[in-house]
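See structure below.
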Amino acid sequence: MLDLTKIDSSLHIVLLCDADSFANASAIYSYILTKHKKVSIVCETTIAKKYSFLPWFDKLRKKIPTSADCTIVVDDDVLSLYDFFQKSSVKINKKMATALYGALLEKYDYFTSSECSGIVFATASQLIELNAAYQECVKYLQYNQPLAYFRLQSILYKNMLLTQNARVALLPFCEEDFKESGASIDDAYLIMNDVLKMAHIQEVRLIQKDENNKILKSILRR
């Protein structure tokens with residue numbers, strides 16, 4: 001769980017995030033501004049353009065400013081963050097509500113994850129009541145795949161092998177597949193999640209053919 005108690009005693013706070021935690025960092029950024037503190041948001045890796053509709057995307061930096069006296073590493077635990085705001089009687093404005101709703105969508109796979117609970121749906125409902133731009137979140141986060149993604153999906157599906165009584169799906173690929181489709185390895189990881197939704201599949205393995213059939217990544221059904 002994030003320790004946000006250091007904010008009050010700091011002058012310049014840095015929020016260190018990645019793609020998975022950017023939405024949470026956006027909400028915390030808004031919160032810190034309400035406390036009239038200086039805040040910077042840092043991500044050392046590239047964050048996809050699909051997140052650009054979220055507040056403070058244009059404030060992202062690559063390096064931590066030397067003037068900062070507090071660094072908070074942000075995680076993707078959106079329920080704990082929302083719980084902190086509630087218990088601290090924080091007034092959640094529209095920007096914060098939108099960022100938190102976006103975080104919920106991503107964290108719980110657009111409410112299809114097996115980890116979804118009544119708390120998740122109740123939180124989503126409360127955020128909508130707080131004026132979260134929920135339709136905008138769905139538009140930019142869920143319906144954003146480029147043509148390259150579907151080209152790679154076609155290649156991986158065509159080459160897919162099922163083993164162990166159709167419980168394990170193998171997705172062989174080579175570097176040429178990325179050149180042909182224009183997609184990236186991150187697209188392949190997303191496609192793995194799609195395959196995991198197939199009936200009976202319990203595990204998906206991404207196999208790199210030009211590396212002696214090395215298992216690049218494996219994911220299991222929860």
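Scheme for the structure tokens: letters A, B, ... for chains in order shown; per-chain residue numbers from 1; ligand numbers from 1 in order shown.
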Tell me, as a PyMOL selection string, which residues lie within 8 Å of Gln153 (chain A), counting only C-alpha atoms; anything in the same chain fewer than 3 positions away does not count. chain A and resi 149-150+156-157+188+191
Write the residues you've just listed into a file as a PDB file, in the first residue's frame, and include C-alpha atoms for each of them.
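Listed below is the output, part.pdb:
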```pdb
ATOM      1  CA  TYR A 149      -2.239  -5.516 -33.428  1.00  0.00           C
ATOM      2  CA  PHE A 150      -4.819  -7.451 -35.454  1.00  0.00           C
ATOM      3  CA  LEU A 156      -0.191 -15.881 -33.732  1.00  0.00           C
ATOM      4  CA  TYR A 157      -3.640 -17.464 -33.930  1.00  0.00           C
ATOM      5  CA  ALA A 188       1.968 -10.022 -28.283  1.00  0.00           C
ATOM      6  CA  ILE A 191      -2.848 -11.162 -27.384  1.00  0.00           C
TER       7      ILE A 191
END
```
Can you pull out the residues contacting Val42 (chain A)? Cut-off 6 Å, using only C-alpha atoms, and skip same-chain residues under 4 positions away; I want them as an MDAnalysis selection string. chainID A and resid 15:16 60:62
Write out as a ChimeraX atom specification all residues of region 30-166 of chain A that DSSP puts in strand (DSSP E or B) for this structure's backbone. /A:38-42,60-61,70-73,161-163
Could you list, as a ChimeraX atom specification, every residue within 8 Å of region 133-148 of chain A, counting only C-alpha atoms and ignoring same-chain residues fewer than 3 positions away? /A:50-51,53,94,97-98,101-102,105-106,110,128,151-152,181-183
Just the selected residues (N, CA, C and O atoms), exported as an mmCIF file, in the first residue's frame, please.
```
data_model
loop_
_atom_site.group_PDB
_atom_site.id
_atom_site.type_symbol
_atom_site.label_atom_id
_atom_site.label_comp_id
_atom_site.auth_asym_id
_atom_site.auth_seq_id
_atom_site.Cartn_x
_atom_site.Cartn_y
_atom_site.Cartn_z
ATOM 1 N N LYS A 50 -2.457 6.023 -25.648
ATOM 2 C CA LYS A 50 -3.854 5.821 -25.261
ATOM 3 C C LYS A 50 -4.163 6.453 -23.907
ATOM 4 O O LYS A 50 -5.318 6.696 -23.582
ATOM 5 N N TYR A 51 -3.116 6.697 -23.111
ATOM 6 C CA TYR A 51 -3.303 7.315 -21.795
ATOM 7 C C TYR A 51 -3.298 8.845 -21.857
ATOM 8 O O TYR A 51 -3.458 9.498 -20.831
ATOM 9 N N PHE A 53 -5.355 11.003 -22.733
ATOM 10 C CA PHE A 53 -6.573 11.725 -22.346
ATOM 11 C C PHE A 53 -6.644 11.932 -20.835
ATOM 12 O O PHE A 53 -7.402 12.777 -20.350
ATOM 13 N N LYS A 94 -13.330 15.910 -10.455
ATOM 14 C CA LYS A 94 -13.586 15.185 -11.696
ATOM 15 C C LYS A 94 -12.309 14.580 -12.270
ATOM 16 O O LYS A 94 -12.332 13.439 -12.759
ATOM 17 N N ALA A 97 -11.447 11.528 -10.191
ATOM 18 C CA ALA A 97 -12.418 10.453 -10.417
ATOM 19 C C ALA A 97 -12.178 9.778 -11.770
ATOM 20 O O ALA A 97 -12.248 8.548 -11.883
ATOM 21 N N THR A 98 -11.874 10.579 -12.780
ATOM 22 C CA THR A 98 -11.612 10.026 -14.114
ATOM 23 C C THR A 98 -10.363 9.158 -14.108
ATOM 24 O O THR A 98 -10.351 8.050 -14.672
ATOM 25 N N TYR A 101 -11.118 5.922 -12.266
ATOM 26 C CA TYR A 101 -11.963 5.028 -13.064
ATOM 27 C C TYR A 101 -11.135 4.358 -14.159
ATOM 28 O O TYR A 101 -11.285 3.155 -14.418
ATOM 29 N N GLY A 102 -10.251 5.124 -14.786
ATOM 30 C CA GLY A 102 -9.361 4.556 -15.792
ATOM 31 C C GLY A 102 -8.472 3.477 -15.197
ATOM 32 O O GLY A 102 -8.230 2.434 -15.817
ATOM 33 N N LEU A 105 -10.503 0.288 -14.791
ATOM 34 C CA LEU A 105 -10.692 -0.403 -16.059
ATOM 35 C C LEU A 105 -9.478 -1.247 -16.412
ATOM 36 O O LEU A 105 -9.597 -2.410 -16.800
ATOM 37 N N GLU A 106 -8.299 -0.653 -16.287
ATOM 38 C CA GLU A 106 -7.064 -1.343 -16.655
ATOM 39 C C GLU A 106 -6.741 -2.472 -15.680
ATOM 40 O O GLU A 106 -6.371 -3.572 -16.080
ATOM 41 N N TYR A 110 -11.251 -4.310 -17.769
ATOM 42 C CA TYR A 110 -12.557 -3.791 -18.206
ATOM 43 C C TYR A 110 -13.705 -4.574 -17.573
ATOM 44 O O TYR A 110 -14.703 -4.896 -18.216
ATOM 45 N N ILE A 128 -18.396 7.220 -10.862
ATOM 46 C CA ILE A 128 -19.300 7.802 -11.860
ATOM 47 C C ILE A 128 -20.146 8.899 -11.214
ATOM 48 O O ILE A 128 -20.367 9.962 -11.808
ATOM 49 N N ARG A 151 -3.080 -7.652 -37.152
ATOM 50 C CA ARG A 151 -2.221 -8.415 -38.060
ATOM 51 C C ARG A 151 -1.396 -9.446 -37.287
ATOM 52 O O ARG A 151 -1.304 -10.606 -37.692
ATOM 53 N N LEU A 152 -0.822 -9.009 -36.171
ATOM 54 C CA LEU A 152 -0.041 -9.942 -35.359
ATOM 55 C C LEU A 152 -0.946 -11.000 -34.741
ATOM 56 O O LEU A 152 -0.579 -12.175 -34.662
ATOM 57 N N SER A 181 3.945 -7.505 -39.445
ATOM 58 C CA SER A 181 2.698 -6.935 -38.914
ATOM 59 C C SER A 181 2.831 -5.476 -38.508
ATOM 60 O O SER A 181 1.849 -4.733 -38.497
ATOM 61 N N GLY A 182 4.049 -5.065 -38.152
ATOM 62 C CA GLY A 182 4.247 -3.707 -37.635
ATOM 63 C C GLY A 182 3.913 -3.594 -36.164
ATOM 64 O O GLY A 182 3.890 -2.495 -35.605
ATOM 65 N N ALA A 183 3.645 -4.740 -35.516
ATOM 66 C CA ALA A 183 3.285 -4.750 -34.094
ATOM 67 C C ALA A 183 4.535 -4.866 -33.227
ATOM 68 O O ALA A 183 5.658 -5.008 -33.725
#
```
Need to verify the contact set: Ser40 (chain A), 12 Å, only C-alpha atoms, exclusion of same-chain residues closer than 4 positions in sequence. Can you return it as a PyMOL selection string? chain A and resi 11-17+25-26+28-30+32-33+56-72
Go ahead and write the selection's residues with N, CA, C and O atoms as a short mmCIF file (atom, residue, chain, number, x, y, z; two decimals), in the first residue's frame.
```
data_model
loop_
_atom_site.label_atom_id
_atom_site.label_comp_id
_atom_site.auth_asym_id
_atom_site.auth_seq_id
_atom_site.Cartn_x
_atom_site.Cartn_y
_atom_site.Cartn_z
N LEU A 11 8.28 19.35 0.45
CA LEU A 11 8.08 20.55 -0.35
C LEU A 11 7.89 20.23 -1.83
O LEU A 11 7.10 20.87 -2.51
N HIS A 12 8.66 19.25 -2.31
CA HIS A 12 8.59 18.88 -3.73
C HIS A 12 8.52 17.37 -3.82
O HIS A 12 9.48 16.67 -3.51
N ILE A 13 7.37 16.86 -4.23
CA ILE A 13 7.13 15.41 -4.27
C ILE A 13 7.23 14.91 -5.70
O ILE A 13 6.67 15.51 -6.63
N VAL A 14 7.94 13.81 -5.87
CA VAL A 14 8.02 13.13 -7.17
C VAL A 14 7.19 11.86 -7.12
O VAL A 14 7.31 11.06 -6.17
N LEU A 15 6.35 11.67 -8.11
CA LEU A 15 5.57 10.43 -8.25
C LEU A 15 6.23 9.60 -9.34
O LEU A 15 6.24 9.99 -10.51
N LEU A 16 6.81 8.48 -8.96
CA LEU A 16 7.50 7.60 -9.90
C LEU A 16 6.54 6.48 -10.31
O LEU A 16 6.07 5.71 -9.46
N CYS A 17 6.22 6.41 -11.60
CA CYS A 17 5.21 5.45 -12.05
C CYS A 17 5.66 4.73 -13.31
O CYS A 17 6.71 5.03 -13.88
N ALA A 25 -1.15 7.55 -10.43
CA ALA A 25 -0.26 8.70 -10.24
C ALA A 25 -0.95 10.00 -10.64
O ALA A 25 -0.76 11.04 -10.00
N SER A 26 -1.76 9.94 -11.68
CA SER A 26 -2.50 11.12 -12.12
C SER A 26 -3.46 11.60 -11.03
O SER A 26 -3.56 12.80 -10.76
N ILE A 28 -3.17 11.01 -7.78
CA ILE A 28 -2.37 11.52 -6.65
C ILE A 28 -1.81 12.90 -6.98
O ILE A 28 -1.74 13.78 -6.11
N TYR A 29 -1.42 13.12 -8.22
CA TYR A 29 -0.92 14.43 -8.67
C TYR A 29 -1.97 15.51 -8.39
O TYR A 29 -1.66 16.57 -7.83
N SER A 30 -3.21 15.22 -8.77
CA SER A 30 -4.29 16.19 -8.52
C SER A 30 -4.46 16.43 -7.03
O SER A 30 -4.67 17.57 -6.58
N ILE A 32 -2.20 16.17 -4.64
CA ILE A 32 -1.08 16.96 -4.11
C ILE A 32 -1.24 18.44 -4.46
O ILE A 32 -0.93 19.32 -3.66
N LEU A 33 -1.74 18.71 -5.65
CA LEU A 33 -1.96 20.10 -6.05
C LEU A 33 -2.96 20.79 -5.12
O LEU A 33 -2.83 21.99 -4.84
N TRP A 56 -2.79 15.26 -16.67
CA TRP A 56 -1.37 15.40 -16.38
C TRP A 56 -0.45 14.54 -17.23
O TRP A 56 0.74 14.44 -16.96
N PHE A 57 -0.99 13.93 -18.30
CA PHE A 57 -0.12 13.17 -19.21
C PHE A 57 0.97 14.07 -19.78
O PHE A 57 2.11 13.63 -19.97
N ASP A 58 0.60 15.33 -20.04
CA ASP A 58 1.57 16.26 -20.62
C ASP A 58 2.63 16.71 -19.63
O ASP A 58 3.59 17.39 -20.00
N LYS A 59 2.48 16.33 -18.35
CA LYS A 59 3.45 16.70 -17.33
C LYS A 59 4.50 15.61 -17.09
O LYS A 59 5.40 15.79 -16.26
N LEU A 60 4.39 14.51 -17.80
CA LEU A 60 5.31 13.40 -17.59
C LEU A 60 6.75 13.80 -17.88
O LEU A 60 7.04 14.45 -18.88
N ARG A 61 7.65 13.36 -17.00
CA ARG A 61 9.08 13.57 -17.19
C ARG A 61 9.78 12.22 -17.27
O ARG A 61 9.24 11.20 -16.86
N LYS A 62 11.01 12.24 -17.77
CA LYS A 62 11.81 11.02 -17.85
C LYS A 62 12.78 10.89 -16.67
O LYS A 62 13.20 9.79 -16.32
N LYS A 63 13.17 12.02 -16.08
CA LYS A 63 14.17 12.01 -15.01
C LYS A 63 13.63 12.68 -13.75
O LYS A 63 12.82 13.61 -13.81
N ILE A 64 14.10 12.21 -12.62
CA ILE A 64 13.69 12.77 -11.32
C ILE A 64 14.39 14.11 -11.10
O ILE A 64 15.61 14.20 -11.20
N PRO A 65 13.67 15.18 -10.82
CA PRO A 65 14.28 16.49 -10.59
C PRO A 65 15.16 16.48 -9.33
O PRO A 65 14.82 15.84 -8.33
N THR A 66 16.26 17.18 -9.39
CA THR A 66 17.21 17.20 -8.27
C THR A 66 16.66 17.97 -7.08
O THR A 66 17.13 17.79 -5.96
N SER A 67 15.66 18.81 -7.31
CA SER A 67 15.12 19.62 -6.22
C SER A 67 14.12 18.86 -5.34
O SER A 67 13.70 19.35 -4.30
N ALA A 68 13.75 17.66 -5.75
CA ALA A 68 12.73 16.90 -5.01
C ALA A 68 13.27 16.43 -3.67
O ALA A 68 14.41 16.00 -3.55
N ASP A 69 12.43 16.51 -2.64
CA ASP A 69 12.83 16.01 -1.32
C ASP A 69 11.99 14.81 -0.89
O ASP A 69 12.11 14.34 0.23
N CYS A 70 11.16 14.31 -1.81
CA CYS A 70 10.34 13.13 -1.50
C CYS A 70 9.99 12.42 -2.80
O CYS A 70 9.54 13.04 -3.76
N THR A 71 10.23 11.11 -2.83
CA THR A 71 9.88 10.30 -4.00
C THR A 71 8.92 9.20 -3.56
O THR A 71 9.20 8.46 -2.62
N ILE A 72 7.80 9.11 -4.23
CA ILE A 72 6.80 8.09 -3.94
C ILE A 72 6.67 7.18 -5.16
O ILE A 72 6.38 7.64 -6.27
#
```
I'd like the contact shell of Leu216 (chain A) - 7 Å cut-off, only C-alpha atoms, skipping same-chain residues fewer than 2 positions apart - returned as a PyMOL selection string. chain A and resi 206-208+214
Shell of 8 Å around Cys174 (chain A), only C-alpha atoms, local chain residues under 4 positions omitted, as a PDB file with N, CA, C and O atoms, in the first residue's frame:
```pdb
ATOM      1  N   PHE A 178       6.961  -9.610 -36.354  1.00  0.00           N
ATOM      2  CA  PHE A 178       6.786  -8.225 -35.921  1.00  0.00           C
ATOM      3  C   PHE A 178       7.022  -7.263 -37.094  1.00  0.00           C
ATOM      4  O   PHE A 178       6.317  -6.264 -37.248  1.00  0.00           O
ATOM      5  N   GLN A 208       9.563 -18.168 -28.591  1.00  0.00           N
ATOM      6  CA  GLN A 208      10.422 -17.488 -29.568  1.00  0.00           C
ATOM      7  C   GLN A 208      11.153 -18.536 -30.408  1.00  0.00           C
ATOM      8  O   GLN A 208      12.128 -19.146 -29.980  1.00  0.00           O
ATOM      9  N   LYS A 209      10.673 -18.735 -31.639  1.00  0.00           N
ATOM     10  CA  LYS A 209      11.205 -19.798 -32.490  1.00  0.00           C
ATOM     11  C   LYS A 209      12.674 -19.580 -32.856  1.00  0.00           C
ATOM     12  O   LYS A 209      13.432 -20.537 -32.944  1.00  0.00           O
ATOM     13  N   ASP A 210      13.065 -18.310 -33.090  1.00  0.00           N
ATOM     14  CA  ASP A 210      14.444 -18.058 -33.504  1.00  0.00           C
ATOM     15  C   ASP A 210      15.410 -18.001 -32.326  1.00  0.00           C
ATOM     16  O   ASP A 210      16.553 -17.599 -32.456  1.00  0.00           O
TER      17      ASP A 210
END
```
